[in-house]
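**Q** Take a look at the following structure, please.
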Amino acid sequence: MSPRIYLATTGRILAQLRADHRTVALIVAVPALLLTLLYFVFNDEQRFSPIALIMLGILPMLVMFLVTSVAMLRERTSGTLERLLTTPLHRADLVVGYATAFAVAALVQGLVLVSVAHWGLGVETAGPLPWVLLVAVVGSVVGVATGLLASAFARTEFQAVQFMPLFIGPQIFLCGLLAPRESMPELLQRVSDVLPMTYAVKGLQAVGSQGDPTGDVLRNVAILALFAVGALALAALSMPRQTR
Amino acid sequence: MSERTGEPAIRAKGVRVSRGGREVLHGLDLEVAAGSVIGLMGPSGCGKTTLMRSIVGVQRIDSGELTVLGRSPSDPAVRHEIGYVTQAVSVYGDLSVRANAAYFAALQGSSRADADEAIATVGLADLADRPVDRLSGGQASRASLACALVGLPRLLVLDEPTVGLDPVTREDIWTHLRSLAEQGVTLLVSSHVMDEAARCDSVLLMREGDLLAHLTPAELLERAGTTNAEDAFLTLIREGGER
Ligand SMILES: Nc1ncnc2c1ncn2[C@@H]1O[C@H](COP(=O)(O)OP(=O)(O)O)[C@@H](O)[C@H]1O
Ligand SMILES: [Mg+2]
């Protein structure tokens, strides 16, 4: 990797993102709007609050998965990836550049979402609010990394979107939103153990219920970070310089 | 930049390449002199793009030897010295011409001034701040070309850079290419518009994954016994088919 190329790539992707107002809205505004909708659906702050906390682990990851899988696919299908690979750029520069640019977006997204949840919708946590932000943002970055990886398995933007239900659906069912993980069959608990969203939800629930959740938060954030790094490494491997 | 005079810019010996499990280049032998404009001509599907991809190092080669600027195409050092323009416009449509050129300049370690110079070279200085998506087809392909010119590579590989362009823009681009060659750049330019052969110093004529001939435009006309490049190609390609 080269710092110059990595920074130029991050800057280029951020410039593309800034020019694309719809995508910015999808990343920043849509999760907060959905959460607000849910607030009125529940019509009961007591019942809404724990669900809202889980949603902070689900919505950012889901949106980022969608956006980055399509963005990376565009790079692959438009010929720009092939062209980049004839330059001194290393594929790690590109993948980490994407991750950095979208992590910036994830941070903005997290700030808006957590602010709306806490000050707008009255979501209360036993632990400190910055931990909520940390888990939500790292979860979002896992969405970025897995989205970049998923683009390797699609040939069109339509196919990329088709991965959404496959990749996100089971995670939502198994993360503890609809039923507590402990009451699931043993096999499903094991499956849930290898899905990143589970750890985002665990981390957020720890902040929700514990006055000092530092240990649980850092453990779950570390596991999320491992998922992100693993997915980024696989994404880089999925773009060999020479094709057949 | 040390000029290794006499050394060919590109040398291939028995290069075989398969795509999708089917062999599409059947053992090519060729040598391309440095500092010249070489046309790569042949009917569509004959393997021009595949050969170019092999040269720029993104196509796996089954067997044979390929040397680009004295190195293997997969040698990272080569990537500092080549520019590649794919057949389709491959720049970021949502970014301005200037932002695109500046990005490719940064990849090559060149400056923003180099990027602006490349934009001026392709005649887009007035449109530099416009997103590529809002340019005409010809302007967009010139933007794509500009991104390959930053930092003046030693070898430029251009895949059908003039397809679909009006005669005036084509003339402009060929003038630019010629001036680059005069600065010592080697240019490999593919085309299926046969009359562009006359613009090249020499022409590689391909057919169905084989190299039929490597000759100068004059030799081409002479061998085919005609004064029209289009006819000359048809004659040679038909002859090649009968061999
Ligand atoms: N991605 C691909 N997968 C399989 N076969 C391909 C692919 N791209 C091109 N080919 C085949 O390789 C041959 C050469 O194609 P190409 O190099 O693109 O020709 P040209 O550039 O001269 O039109 C053609 O027969 C084409 O069908
Ligand atoms: Mg082609």
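Chain labels run A, B, ... following the order of the structure tokens; each chain numbers its residues from 1, and ligands are numbered from 1 in the order shown.
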Show me, as a JSON list (two decimals) with all heavy atoms, in the first residue's frame, every residue of chain B with an atom at most 9 Å from chain A, counting only C-alpha atoms.
**A**
[["chain", "number", "residue", "atom", "x", "y", "z"],
["B", 17, "VAL", "N", -3.39, -17.11, -25.21],
["B", 17, "VAL", "CA", -4.29, -16.62, -24.17],
["B", 17, "VAL", "C", -5.67, -17.23, -24.38],
["B", 17, "VAL", "O", -6.14, -17.34, -25.51],
["B", 17, "VAL", "CB", -4.41, -15.07, -24.23],
["B", 17, "VAL", "CG1", -5.46, -14.58, -23.26],
["B", 17, "VAL", "CG2", -3.07, -14.41, -23.93],
["B", 18, "SER", "N", -6.28, -17.68, -23.28],
["B", 18, "SER", "CA", -7.65, -18.20, -23.34],
["B", 18, "SER", "C", -8.58, -17.27, -22.58],
["B", 18, "SER", "O", -8.19, -16.68, -21.58],
["B", 18, "SER", "CB", -7.73, -19.59, -22.71],
["B", 18, "SER", "OG", -6.89, -20.47, -23.39],
["B", 19, "ARG", "N", -9.79, -17.16, -23.08],
["B", 19, "ARG", "CA", -10.82, -16.44, -22.32],
["B", 19, "ARG", "C", -12.07, -17.31, -22.29],
["B", 19, "ARG", "O", -12.48, -17.83, -23.31],
["B", 19, "ARG", "CB", -11.15, -15.09, -22.98],
["B", 19, "ARG", "CG", -9.97, -14.16, -22.94],
["B", 19, "ARG", "CD", -10.37, -12.75, -23.31],
["B", 19, "ARG", "NE", -10.99, -12.08, -22.18],
["B", 19, "ARG", "CZ", -11.34, -10.79, -22.22],
["B", 19, "ARG", "NH1", -11.16, -10.08, -23.31],
["B", 19, "ARG", "NH2", -11.88, -10.21, -21.17],
["B", 20, "GLY", "N", -12.62, -17.42, -21.10],
["B", 20, "GLY", "CA", -13.81, -18.25, -20.94],
["B", 20, "GLY", "C", -13.58, -19.68, -21.39],
["B", 20, "GLY", "O", -14.46, -20.31, -21.97],
["B", 21, "GLY", "N", -12.34, -20.21, -21.18],
["B", 21, "GLY", "CA", -12.04, -21.60, -21.50],
["B", 21, "GLY", "C", -11.76, -21.85, -22.98],
["B", 21, "GLY", "O", -11.52, -22.99, -23.39],
["B", 54, "SER", "N", -3.37, -8.18, -22.19],
["B", 54, "SER", "CA", -2.18, -8.96, -21.83],
["B", 54, "SER", "C", -0.99, -8.03, -21.65],
["B", 54, "SER", "O", -0.20, -8.18, -20.72],
["B", 54, "SER", "CB", -1.87, -9.98, -22.93],
["B", 54, "SER", "OG", -3.00, -10.76, -23.23],
["B", 56, "VAL", "N", -0.96, -4.82, -20.85],
["B", 56, "VAL", "CA", -1.02, -3.96, -19.66],
["B", 56, "VAL", "C", -1.10, -4.77, -18.37],
["B", 56, "VAL", "O", -1.21, -4.19, -17.28],
["B", 56, "VAL", "CB", -2.19, -2.95, -19.72],
["B", 56, "VAL", "CG1", -2.04, -2.04, -20.92],
["B", 56, "VAL", "CG2", -3.54, -3.66, -19.75],
["B", 57, "GLY", "N", -1.05, -6.08, -18.47],
["B", 57, "GLY", "CA", -0.89, -6.91, -17.27],
["B", 57, "GLY", "C", -2.16, -7.27, -16.54],
["B", 57, "GLY", "O", -2.10, -7.65, -15.37],
["B", 58, "VAL", "N", -3.33, -7.19, -17.17],
["B", 58, "VAL", "CA", -4.54, -7.62, -16.47],
["B", 58, "VAL", "C", -5.14, -8.89, -17.08],
["B", 58, "VAL", "O", -6.21, -9.32, -16.68],
["B", 58, "VAL", "CB", -5.63, -6.51, -16.43],
["B", 58, "VAL", "CG1", -5.15, -5.34, -15.59],
["B", 58, "VAL", "CG2", -6.01, -6.06, -17.82],
["B", 59, "GLN", "N", -4.41, -9.49, -18.02],
["B", 59, "GLN", "CA", -4.91, -10.71, -18.64],
["B", 59, "GLN", "C", -3.88, -11.82, -18.40],
["B", 59, "GLN", "O", -2.70, -11.65, -18.67],
["B", 59, "GLN", "CB", -5.09, -10.49, -20.15],
["B", 59, "GLN", "CG", -5.43, -11.74, -20.93],
["B", 59, "GLN", "CD", -6.83, -12.25, -20.61],
["B", 59, "GLN", "OE1", -7.80, -11.51, -20.68],
["B", 59, "GLN", "NE2", -6.93, -13.51, -20.22],
["B", 60, "ARG", "N", -4.35, -12.95, -17.88],
["B", 60, "ARG", "CA", -3.45, -14.07, -17.64],
["B", 60, "ARG", "C", -3.07, -14.72, -18.97],
["B", 60, "ARG", "O", -3.91, -14.88, -19.85],
["B", 60, "ARG", "CB", -4.12, -15.10, -16.75],
["B", 60, "ARG", "CG", -3.19, -16.19, -16.28],
["B", 60, "ARG", "CD", -3.98, -17.24, -15.55],
["B", 60, "ARG", "NE", -4.61, -16.66, -14.37],
["B", 60, "ARG", "CZ", -4.23, -16.95, -13.14],
["B", 60, "ARG", "NH1", -3.26, -17.81, -12.94],
["B", 60, "ARG", "NH2", -4.85, -16.40, -12.11],
["B", 61, "ILE", "N", -1.80, -15.04, -19.10],
["B", 61, "ILE", "CA", -1.30, -15.64, -20.34],
["B", 61, "ILE", "C", -1.09, -17.12, -20.11],
["B", 61, "ILE", "O", -0.51, -17.52, -19.09],
["B", 61, "ILE", "CB", 0.02, -14.95, -20.74],
["B", 61, "ILE", "CG1", -0.25, -13.49, -21.09],
["B", 61, "ILE", "CG2", 0.69, -15.66, -21.90],
["B", 61, "ILE", "CD1", 0.99, -12.64, -21.14],
["B", 62, "ASP", "N", -1.58, -17.97, -21.03],
["B", 62, "ASP", "CA", -1.45, -19.42, -20.85],
["B", 62, "ASP", "C", 0.00, -19.85, -21.01],
["B", 62, "ASP", "O", 0.54, -20.60, -20.21],
["B", 62, "ASP", "CB", -2.29, -20.18, -21.89],
["B", 62, "ASP", "CG", -3.77, -19.94, -21.70],
["B", 62, "ASP", "OD1", -4.14, -19.42, -20.63],
["B", 62, "ASP", "OD2", -4.56, -20.25, -22.61],
["B", 74, "SER", "N", 3.49, -8.32, -15.64],
["B", 74, "SER", "CA", 2.99, -8.38, -14.27],
["B", 74, "SER", "C", 3.96, -7.73, -13.27],
["B", 74, "SER", "O", 3.68, -7.67, -12.08],
["B", 74, "SER", "CB", 2.70, -9.83, -13.87],
["B", 74, "SER", "OG", 3.88, -10.59, -14.01],
["B", 76, "PRO", "N", 5.35, -4.94, -11.18],
["B", 76, "PRO", "CA", 4.75, -3.67, -10.73],
["B", 76, "PRO", "C", 5.45, -2.43, -11.32],
["B", 76, "PRO", "O", 4.81, -1.39, -11.51],
["B", 76, "PRO", "CB", 4.92, -3.70, -9.21],
["B", 76, "PRO", "CG", 5.04, -5.14, -8.87],
["B", 76, "PRO", "CD", 5.69, -5.81, -10.06],
["B", 77, "ALA", "N", 6.74, -2.53, -11.62],
["B", 77, "ALA", "CA", 7.46, -1.36, -12.14],
["B", 77, "ALA", "C", 6.88, -0.90, -13.48],
["B", 77, "ALA", "O", 6.91, 0.29, -13.80],
["B", 77, "ALA", "CB", 8.94, -1.71, -12.30],
["B", 78, "VAL", "N", 6.32, -1.84, -14.24],
["B", 78, "VAL", "CA", 5.75, -1.49, -15.55],
["B", 78, "VAL", "C", 4.59, -0.51, -15.39],
["B", 78, "VAL", "O", 4.38, 0.36, -16.22],
["B", 78, "VAL", "CB", 5.29, -2.76, -16.28],
["B", 78, "VAL", "CG1", 4.49, -2.41, -17.52],
["B", 78, "VAL", "CG2", 6.48, -3.62, -16.66],
["B", 79, "ARG", "N", 3.85, -0.65, -14.28],
["B", 79, "ARG", "CA", 2.63, 0.14, -14.11],
["B", 79, "ARG", "C", 2.91, 1.63, -13.94],
["B", 79, "ARG", "O", 2.00, 2.44, -14.05],
["B", 79, "ARG", "CB", 1.84, -0.37, -12.91],
["B", 79, "ARG", "CG", 1.27, -1.73, -13.18],
["B", 79, "ARG", "CD", 0.49, -2.24, -12.00],
["B", 79, "ARG", "NE", 0.67, -3.68, -11.92],
["B", 79, "ARG", "CZ", 0.98, -4.33, -10.83],
["B", 79, "ARG", "NH1", 1.14, -3.67, -9.70],
["B", 79, "ARG", "NH2", 1.15, -5.63, -10.85],
["B", 80, "HIS", "N", 4.17, 2.00, -13.65],
["B", 80, "HIS", "CA", 4.51, 3.42, -13.57],
["B", 80, "HIS", "C", 4.76, 3.99, -14.95],
["B", 80, "HIS", "O", 4.90, 5.19, -15.10],
["B", 80, "HIS", "CB", 5.76, 3.62, -12.70],
["B", 80, "HIS", "CG", 5.53, 3.27, -11.26],
["B", 80, "HIS", "ND1", 5.00, 4.16, -10.35],
["B", 80, "HIS", "CD2", 5.74, 2.12, -10.58],
["B", 80, "HIS", "CE1", 4.91, 3.58, -9.18],
["B", 80, "HIS", "NE2", 5.34, 2.34, -9.28],
["B", 81, "GLU", "N", 4.88, 3.12, -15.94],
["B", 81, "GLU", "CA", 5.36, 3.59, -17.24],
["B", 81, "GLU", "C", 4.36, 3.41, -18.38],
["B", 81, "GLU", "O", 4.66, 3.71, -19.52],
["B", 81, "GLU", "CB", 6.66, 2.85, -17.59],
["B", 81, "GLU", "CG", 7.70, 3.04, -16.51],
["B", 81, "GLU", "CD", 9.06, 2.51, -16.92],
["B", 81, "GLU", "OE1", 9.13, 1.39, -17.47],
["B", 81, "GLU", "OE2", 10.04, 3.21, -16.69],
["B", 82, "ILE", "N", 3.17, 2.87, -18.04],
["B", 82, "ILE", "CA", 2.19, 2.67, -19.10],
["B", 82, "ILE", "C", 0.91, 3.45, -18.82],
["B", 82, "ILE", "O", 0.59, 3.77, -17.68],
["B", 82, "ILE", "CB", 1.83, 1.18, -19.29],
["B", 82, "ILE", "CG1", 1.26, 0.61, -17.98],
["B", 82, "ILE", "CG2", 3.03, 0.38, -19.76],
["B", 82, "ILE", "CD1", 0.65, -0.76, -18.17],
["B", 83, "GLY", "N", 0.20, 3.76, -19.89],
["B", 83, "GLY", "CA", -1.14, 4.32, -19.77],
["B", 83, "GLY", "C", -2.05, 3.43, -20.60],
["B", 83, "GLY", "O", -1.68, 2.98, -21.69],
["B", 84, "TYR", "N", -3.24, 3.15, -20.07],
["B", 84, "TYR", "CA", -4.16, 2.25, -20.77],
["B", 84, "TYR", "C", -5.52, 2.91, -20.85],
["B", 84, "TYR", "O", -6.05, 3.37, -19.84],
["B", 84, "TYR", "CB", -4.24, 0.93, -20.00],
["B", 84, "TYR", "CG", -5.26, -0.08, -20.52],
["B", 84, "TYR", "CD1", -5.41, -0.33, -21.88],
["B", 84, "TYR", "CD2", -6.06, -0.80, -19.63],
["B", 84, "TYR", "CE1", -6.33, -1.26, -22.34],
["B", 84, "TYR", "CE2", -6.98, -1.74, -20.08],
["B", 84, "TYR", "CZ", -7.11, -1.97, -21.44],
["B", 84, "TYR", "OH", -8.02, -2.89, -21.88],
["B", 85, "VAL", "N", -6.06, 2.98, -22.04],
["B", 85, "VAL", "CA", -7.42, 3.49, -22.20],
["B", 85, "VAL", "C", -8.27, 2.36, -22.74],
["B", 85, "VAL", "O", -8.03, 1.86, -23.84],
["B", 85, "VAL", "CB", -7.46, 4.70, -23.16],
["B", 85, "VAL", "CG1", -8.89, 5.23, -23.26],
["B", 85, "VAL", "CG2", -6.54, 5.79, -22.66],
["B", 86, "THR", "N", -9.23, 1.92, -21.92],
["B", 86, "THR", "CA", -10.06, 0.78, -22.31],
["B", 86, "THR", "C", -11.01, 1.18, -23.43],
["B", 86, "THR", "O", -11.21, 2.37, -23.70],
["B", 86, "THR", "CB", -10.89, 0.28, -21.11],
["B", 86, "THR", "OG1", -11.59, 1.40, -20.57],
["B", 86, "THR", "CG2", -10.00, -0.30, -20.04],
["B", 87, "GLN", "N", -11.61, 0.16, -24.02],
["B", 87, "GLN", "CA", -12.48, 0.39, -25.16],
["B", 87, "GLN", "C", -13.69, 1.25, -24.75],
["B", 87, "GLN", "O", -14.03, 2.21, -25.44],
["B", 87, "GLN", "CB", -12.94, -0.96, -25.71],
["B", 87, "GLN", "CG", -13.50, -0.89, -27.10],
["B", 87, "GLN", "CD", -13.58, -2.27, -27.74],
["B", 87, "GLN", "OE1", -12.99, -3.23, -27.28],
["B", 87, "GLN", "NE2", -14.33, -2.35, -28.81],
["B", 88, "ALA", "N", -14.32, 0.90, -23.63],
["B", 88, "ALA", "CA", -15.40, 1.74, -23.11],
["B", 88, "ALA", "C", -14.78, 2.89, -22.32],
["B", 88, "ALA", "O", -13.67, 2.75, -21.80],
["B", 88, "ALA", "CB", -16.31, 0.92, -22.22],
["B", 89, "VAL", "N", -15.48, 4.01, -22.24],
["B", 89, "VAL", "CA", -14.98, 5.14, -21.44],
["B", 89, "VAL", "C", -14.91, 4.69, -19.99],
["B", 89, "VAL", "O", -15.91, 4.35, -19.38],
["B", 89, "VAL", "CB", -15.93, 6.35, -21.58],
["B", 89, "VAL", "CG1", -15.53, 7.44, -20.59],
["B", 89, "VAL", "CG2", -15.90, 6.88, -23.00],
["B", 90, "SER", "N", -13.69, 4.64, -19.43],
["B", 90, "SER", "CA", -13.59, 4.16, -18.06],
["B", 90, "SER", "C", -13.00, 5.24, -17.17],
["B", 90, "SER", "O", -11.83, 5.20, -16.80],
["B", 90, "SER", "CB", -12.75, 2.88, -17.99],
["B", 90, "SER", "OG", -11.55, 3.07, -18.69],
["B", 91, "VAL", "N", -13.84, 6.22, -16.89],
["B", 91, "VAL", "CA", -13.53, 7.26, -15.89],
["B", 91, "VAL", "C", -14.78, 7.39, -15.04],
["B", 91, "VAL", "O", -15.81, 6.77, -15.32],
["B", 91, "VAL", "CB", -13.16, 8.61, -16.54],
["B", 91, "VAL", "CG1", -11.82, 8.53, -17.23],
["B", 91, "VAL", "CG2", -14.24, 9.06, -17.51],
["B", 92, "TYR", "N", -14.71, 8.22, -14.00],
["B", 92, "TYR", "CA", -15.85, 8.36, -13.10],
["B", 92, "TYR", "C", -16.79, 9.43, -13.63],
["B", 92, "TYR", "O", -16.45, 10.61, -13.63],
["B", 92, "TYR", "CB", -15.35, 8.66, -11.68],
["B", 92, "TYR", "CG", -14.44, 7.56, -11.20],
["B", 92, "TYR", "CD1", -13.06, 7.67, -11.26],
["B", 92, "TYR", "CD2", -14.98, 6.36, -10.76],
["B", 92, "TYR", "CE1", -12.24, 6.63, -10.87],
["B", 92, "TYR", "CE2", -14.17, 5.30, -10.38],
["B", 92, "TYR", "CZ", -12.80, 5.45, -10.43],
["B", 92, "TYR", "OH", -12.00, 4.41, -10.06],
["B", 94, "ASP", "N", -19.46, 10.69, -12.54],
["B", 94, "ASP", "CA", -20.02, 11.66, -11.61],
["B", 94, "ASP", "C", -18.99, 12.69, -11.17],
["B", 94, "ASP", "O", -19.32, 13.63, -10.45],
["B", 94, "ASP", "CB", -20.63, 10.95, -10.38],
["B", 94, "ASP", "CG", -19.79, 9.77, -9.91],
["B", 94, "ASP", "OD1", -18.68, 9.57, -10.47],
["B", 94, "ASP", "OD2", -20.21, 9.07, -8.99],
["B", 95, "LEU", "N", -17.74, 12.52, -11.59],
["B", 95, "LEU", "CA", -16.70, 13.50, -11.24],
["B", 95, "LEU", "C", -16.35, 14.36, -12.45],
["B", 95, "LEU", "O", -16.54, 13.94, -13.58],
["B", 95, "LEU", "CB", -15.44, 12.78, -10.74],
["B", 95, "LEU", "CG", -15.58, 11.98, -9.44],
["B", 95, "LEU", "CD1", -14.24, 11.37, -9.07],
["B", 95, "LEU", "CD2", -16.11, 12.84, -8.31],
["B", 99, "ALA", "N", -11.22, 16.44, -11.80],
["B", 99, "ALA", "CA", -11.12, 15.53, -10.66],
["B", 99, "ALA", "C", -10.64, 14.15, -11.12],
["B", 99, "ALA", "O", -9.81, 13.51, -10.46],
["B", 99, "ALA", "CB", -12.47, 15.40, -9.95],
["B", 100, "ASN", "N", -11.13, 13.69, -12.26],
["B", 100, "ASN", "CA", -10.68, 12.40, -12.80],
["B", 100, "ASN", "C", -9.18, 12.43, -13.11],
["B", 100, "ASN", "O", -8.43, 11.55, -12.69],
["B", 100, "ASN", "CB", -11.46, 12.07, -14.07],
["B", 100, "ASN", "CG", -12.73, 11.30, -13.78],
["B", 100, "ASN", "OD1", -12.70, 10.13, -13.40],
["B", 100, "ASN", "ND2", -13.86, 11.96, -13.96],
["B", 102, "ALA", "N", -6.93, 14.48, -12.04],
["B", 102, "ALA", "CA", -6.12, 14.68, -10.84],
["B", 102, "ALA", "C", -5.98, 13.37, -10.07],
["B", 102, "ALA", "O", -4.93, 13.08, -9.49],
["B", 102, "ALA", "CB", -6.76, 15.75, -9.94],
["B", 103, "TYR", "N", -7.05, 12.55, -10.05],
["B", 103, "TYR", "CA", -6.97, 11.25, -9.37],
["B", 103, "TYR", "C", -5.96, 10.34, -10.05],
["B", 103, "TYR", "O", -5.07, 9.77, -9.40],
["B", 103, "TYR", "CB", -8.35, 10.60, -9.31],
["B", 103, "TYR", "CG", -8.34, 9.23, -8.69],
["B", 103, "TYR", "CD1", -7.75, 9.01, -7.43],
["B", 103, "TYR", "CD2", -8.89, 8.14, -9.34],
["B", 103, "TYR", "CE1", -7.73, 7.75, -6.86],
["B", 103, "TYR", "CE2", -8.88, 6.88, -8.76],
["B", 103, "TYR", "CZ", -8.30, 6.68, -7.53],
["B", 103, "TYR", "OH", -8.27, 5.44, -6.96],
["B", 104, "PHE", "N", -6.06, 10.21, -11.38],
["B", 104, "PHE", "CA", -5.11, 9.34, -12.08],
["B", 104, "PHE", "C", -3.69, 9.90, -11.98],
["B", 104, "PHE", "O", -2.72, 9.14, -11.95],
["B", 104, "PHE", "CB", -5.54, 9.10, -13.53],
["B", 104, "PHE", "CG", -6.65, 8.08, -13.63],
["B", 104, "PHE", "CD1", -7.98, 8.47, -13.66],
["B", 104, "PHE", "CD2", -6.36, 6.73, -13.64],
["B", 104, "PHE", "CE1", -9.00, 7.52, -13.71],
["B", 104, "PHE", "CE2", -7.37, 5.77, -13.69],
["B", 104, "PHE", "CZ", -8.69, 6.17, -13.73],
["B", 106, "ALA", "N", -2.54, 11.45, -9.31],
["B", 106, "ALA", "CA", -2.08, 11.08, -7.97],
["B", 106, "ALA", "C", -1.62, 9.62, -7.95],
["B", 106, "ALA", "O", -0.64, 9.26, -7.30],
["B", 106, "ALA", "CB", -3.20, 11.30, -6.95],
["B", 107, "LEU", "N", -2.33, 8.75, -8.67],
["B", 107, "LEU", "CA", -1.94, 7.33, -8.70],
["B", 107, "LEU", "C", -0.55, 7.16, -9.29],
["B", 107, "LEU", "O", 0.21, 6.28, -8.89],
["B", 107, "LEU", "CB", -2.95, 6.52, -9.54],
["B", 107, "LEU", "CG", -4.38, 6.46, -9.02],
["B", 107, "LEU", "CD1", -5.23, 5.57, -9.92],
["B", 107, "LEU", "CD2", -4.44, 5.96, -7.59],
["B", 108, "GLN", "N", -0.23, 8.02, -10.28],
["B", 108, "GLN", "CA", 1.07, 7.91, -10.94],
["B", 108, "GLN", "C", 2.13, 8.76, -10.25],
["B", 108, "GLN", "O", 3.27, 8.82, -10.72],
["B", 108, "GLN", "CB", 0.96, 8.33, -12.41],
["B", 108, "GLN", "CG", 0.13, 7.39, -13.28],
["B", 108, "GLN", "CD", 0.78, 6.04, -13.50],
["B", 108, "GLN", "OE1", 1.89, 5.78, -13.03],
["B", 108, "GLN", "NE2", 0.10, 5.15, -14.20],
["B", 109, "GLY", "N", 1.75, 9.46, -9.19],
["B", 109, "GLY", "CA", 2.71, 10.32, -8.52],
["B", 109, "GLY", "C", 2.96, 11.62, -9.26],
["B", 109, "GLY", "O", 3.97, 12.28, -9.04]]
**Q** Quick one: residues within 12 Å of Leu129 (chain A), only C-alpha atoms counted, chain neighbours fewer than 2 positions away excluded, as a compact mmCIF listing (two decimals) with N, CA and C atoms, in the first residue's frame?
**A**
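Output file out.txt follows:
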# COMPACT_ATOMS: atom_id res chain seq x y z
N LEU A 53 -32.93 0.52 20.26
CA LEU A 53 -31.51 0.27 20.48
C LEU A 53 -31.01 -0.83 19.54
N GLY A 110 -24.17 7.79 12.08
CA GLY A 110 -24.32 7.42 13.49
C GLY A 110 -24.66 8.64 14.35
N LEU A 111 -23.97 9.76 14.08
CA LEU A 111 -24.24 10.98 14.88
C LEU A 111 -25.70 11.41 14.73
N LEU A 113 -28.27 9.53 13.68
CA LEU A 113 -29.20 8.50 14.16
C LEU A 113 -29.26 8.46 15.69
N VAL A 114 -28.11 8.53 16.34
CA VAL A 114 -28.09 8.46 17.80
C VAL A 114 -28.70 9.72 18.40
N SER A 115 -28.43 10.88 17.78
CA SER A 115 -29.03 12.12 18.27
C SER A 115 -30.54 12.07 18.17
N ALA A 117 -32.41 9.44 18.02
CA ALA A 117 -32.94 8.41 18.93
C ALA A 117 -33.02 8.95 20.36
N HIS A 118 -31.94 9.60 20.79
CA HIS A 118 -31.88 10.01 22.19
C HIS A 118 -32.68 11.27 22.46
N TRP A 119 -32.38 12.34 21.70
CA TRP A 119 -33.02 13.63 22.00
C TRP A 119 -34.39 13.76 21.34
N VAL A 123 -34.96 7.71 23.54
CA VAL A 123 -34.34 6.42 23.84
C VAL A 123 -33.31 6.61 24.96
N GLU A 124 -33.49 5.88 26.06
CA GLU A 124 -32.60 6.02 27.21
C GLU A 124 -31.73 4.78 27.34
N THR A 125 -30.48 4.99 27.79
CA THR A 125 -29.59 3.86 28.04
C THR A 125 -29.01 4.00 29.44
N ALA A 126 -28.74 2.85 30.08
CA ALA A 126 -28.11 2.88 31.40
C ALA A 126 -26.66 3.36 31.27
N GLY A 127 -26.01 2.96 30.20
CA GLY A 127 -24.60 3.32 29.98
C GLY A 127 -24.49 4.60 29.16
N TRP A 131 -20.89 5.23 23.75
CA TRP A 131 -20.74 3.80 23.45
C TRP A 131 -21.76 3.35 22.41
N VAL A 132 -22.95 3.92 22.49
CA VAL A 132 -23.99 3.59 21.49
C VAL A 132 -23.48 3.98 20.10
N LEU A 133 -22.93 5.20 20.04
CA LEU A 133 -22.39 5.70 18.77
C LEU A 133 -21.30 4.76 18.25
N LEU A 134 -20.38 4.38 19.14
CA LEU A 134 -19.26 3.52 18.74
C LEU A 134 -19.76 2.22 18.12
N VAL A 135 -20.70 1.55 18.82
CA VAL A 135 -21.17 0.26 18.32
C VAL A 135 -21.92 0.44 16.99
N ALA A 136 -22.75 1.47 16.91
CA ALA A 136 -23.52 1.70 15.68
C ALA A 136 -22.59 1.96 14.50
N LEU A 204 -24.98 -3.11 21.87
CA LEU A 204 -25.97 -2.06 22.15
C LEU A 204 -26.82 -2.43 23.36
N ALA A 206 -25.87 -4.18 25.84
CA ALA A 206 -25.03 -4.00 27.03
C ALA A 206 -25.07 -2.54 27.49
N VAL A 207 -24.97 -1.59 26.52
CA VAL A 207 -25.04 -0.18 26.90
C VAL A 207 -26.43 0.14 27.46
N GLY A 208 -27.43 -0.51 26.89
CA GLY A 208 -28.79 -0.24 27.33
C GLY A 208 -29.03 -0.63 28.78
N GLN A 210 -26.45 -1.82 31.23
CA GLN A 210 -25.39 -1.72 32.24
C GLN A 210 -24.92 -0.27 32.42
N GLY A 211 -24.69 0.12 33.67
CA GLY A 211 -24.18 1.45 33.94
C GLY A 211 -22.77 1.64 33.41
N ASP A 212 -21.94 0.59 33.58
CA ASP A 212 -20.59 0.64 33.02
C ASP A 212 -20.37 -0.56 32.11
N PRO A 213 -20.73 -0.43 30.83
CA PRO A 213 -20.68 -1.58 29.92
C PRO A 213 -19.34 -1.71 29.19
N THR A 214 -18.29 -0.99 29.66
CA THR A 214 -17.04 -0.90 28.90
C THR A 214 -16.55 -2.26 28.40
N VAL A 217 -18.87 -3.80 25.73
CA VAL A 217 -18.85 -3.01 24.50
C VAL A 217 -17.56 -3.26 23.74
**Q** Within 7 Å of ligand 1, counting only C-alpha atoms and all ligand atoms: which residues, as a list of chain:residue names?
**A**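 Selection of residues at most 7 Å from ligand 1: B:Arg19, B:Gly20, B:Val24, B:Gly42, B:Pro43, B:Ser44, B:Gly45, B:Cys46, B:Gly47, B:Lys48, B:Thr49, B:Thr50, B:Leu51.
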**Q** I need the residue nearest ligand 2 from this list: B:Leu204, B:Val189, B:Ile38, B:Ala115. Use only C-alpha atoms and all ligand atoms for the distance.
**A** B:Val189
**Q** Using only C-alpha atoms, which residues sit within 12 Å of Ala101 (chain B) once same-chain residues fewer than 4 positions away are excluded, as a PyMOL selection string?
**A** (chain A and resi 8+12) or (chain B and resi 90-92+95-97+105-108+110-122+124-125+128-129+131-132+142-151)
